Amino acid sequence: MIKYQNENEFRKRKKALSRYFRKNYKYLMYTVFPKLKEEHKVDGQYELELPTNDLFTRIYGPMKLLFSVKNDITYLEDIIPNNLLTLCYERDLPTYKGIPYASEKDFKKLKIMEKLIWRH
């Protein structure tokens, strides 16, 4: 069984994920959630890294699903980076090469990191 620790906030982040990060959303819905329903994990806290491109990871860090298990019930806690996903939900963010950015500073970082990645 799957429950939410804070359903409102989690659903907002999931909607932002479906809008800006379609592949991650599909991976979460069709691969991760079915496994979480079927598997029986030991009680504890877990984090699962969602696949993202290298440029996104270098700017915002890895995208992770945080969840905990208690008495065979999985509690979905958060999707990180939660601040970016919350901004994506609240307003339309511009994108650069498919990656949303919240500020001019983030946009500059994206452009610089892209140049550095392509050099190597």
# chains A, B, ... in the order shown; residues from 1 in each chain; ligands from 1
>>> residues_around(residues="A:Leu85", least_positions_apart="5", cutoff="8 Å", atoms="only C-alpha atoms", output="NGL selection string")
:A and (12-13 or 16-17 or 80)
>>> write_last_selection(atoms="C-alpha atoms", output="PDB file, in the first residue's frame")
ATOM      1  CA  LYS A  12       2.208  19.516  -6.818  1.00  0.00           C
ATOM      2  CA  ARG A  13       5.732  18.242  -7.405  1.00  0.00           C
ATOM      3  CA  ALA A  16       5.559  19.742 -12.199  1.00  0.00           C
ATOM      4  CA  LEU A  17       7.457  16.566 -12.992  1.00  0.00           C
ATOM      5  CA  ILE A  80      14.085  16.496  -4.777  1.00  0.00           C
TER       6      ILE A  80
END
>>> residues_around(residues="A:Asn82", least_positions_apart="4", cutoff="10 Å", atoms="only C-alpha atoms", output="list in words")
Glu9, Phe10, Lys12, Arg13, Met63, Lys64, Asp78, Thr86, Leu87 and Cys88 of chain A
>>> residues_around(residues="A:Pro94", least_positions_apart="4", cutoff="12 Å", atoms="only C-alpha atoms", output="number ranges by chain")
A: 20, 87-88, 98-104, 106-107
>>> atom_distance(atom1="atom CA of A:Glu39", atom2="atom CA of A:Phe21")
25.6 Å
>>> residues_around(residues="A:Leu76", least_positions_apart="3", cutoff="9 Å", atoms="only C-alpha atoms", output="VMD selection string")
chain A and resid 2 to 7 10 65 to 69 79
>>> write_last_selection(atoms="C-alpha atoms", output="tab-separated table (two decimals), in the first residue's frame")
chain	number	residue	atom	x	y	z
A	2	ILE	CA	1.22	3.50	-0.80
A	3	LYS	CA	0.31	6.61	1.19
A	4	TYR	CA	1.57	10.17	1.18
A	5	GLN	CA	3.28	11.94	4.03
A	6	ASN	CA	2.08	15.29	2.65
A	7	GLU	CA	-0.22	14.52	-0.27
A	10	PHE	CA	3.77	15.68	-3.31
A	65	LEU	CA	12.31	10.19	-4.72
A	66	LEU	CA	12.31	10.08	-0.92
A	67	PHE	CA	10.09	7.52	0.77
A	68	SER	CA	9.86	5.54	3.96
A	69	VAL	CA	8.40	2.18	4.87
A	79	ILE	CA	10.84	14.55	-4.79
>>> atom_distance(atom1="atom CA of A:Val32", atom2="atom CA of A:Glu90")
25.4 Å
>>> closest_residue(among="A:Leu55, A:Leu116, A:Ile73, A:Leu84", to="A:Val42", atoms="only C-alpha atoms")
A:Ile73
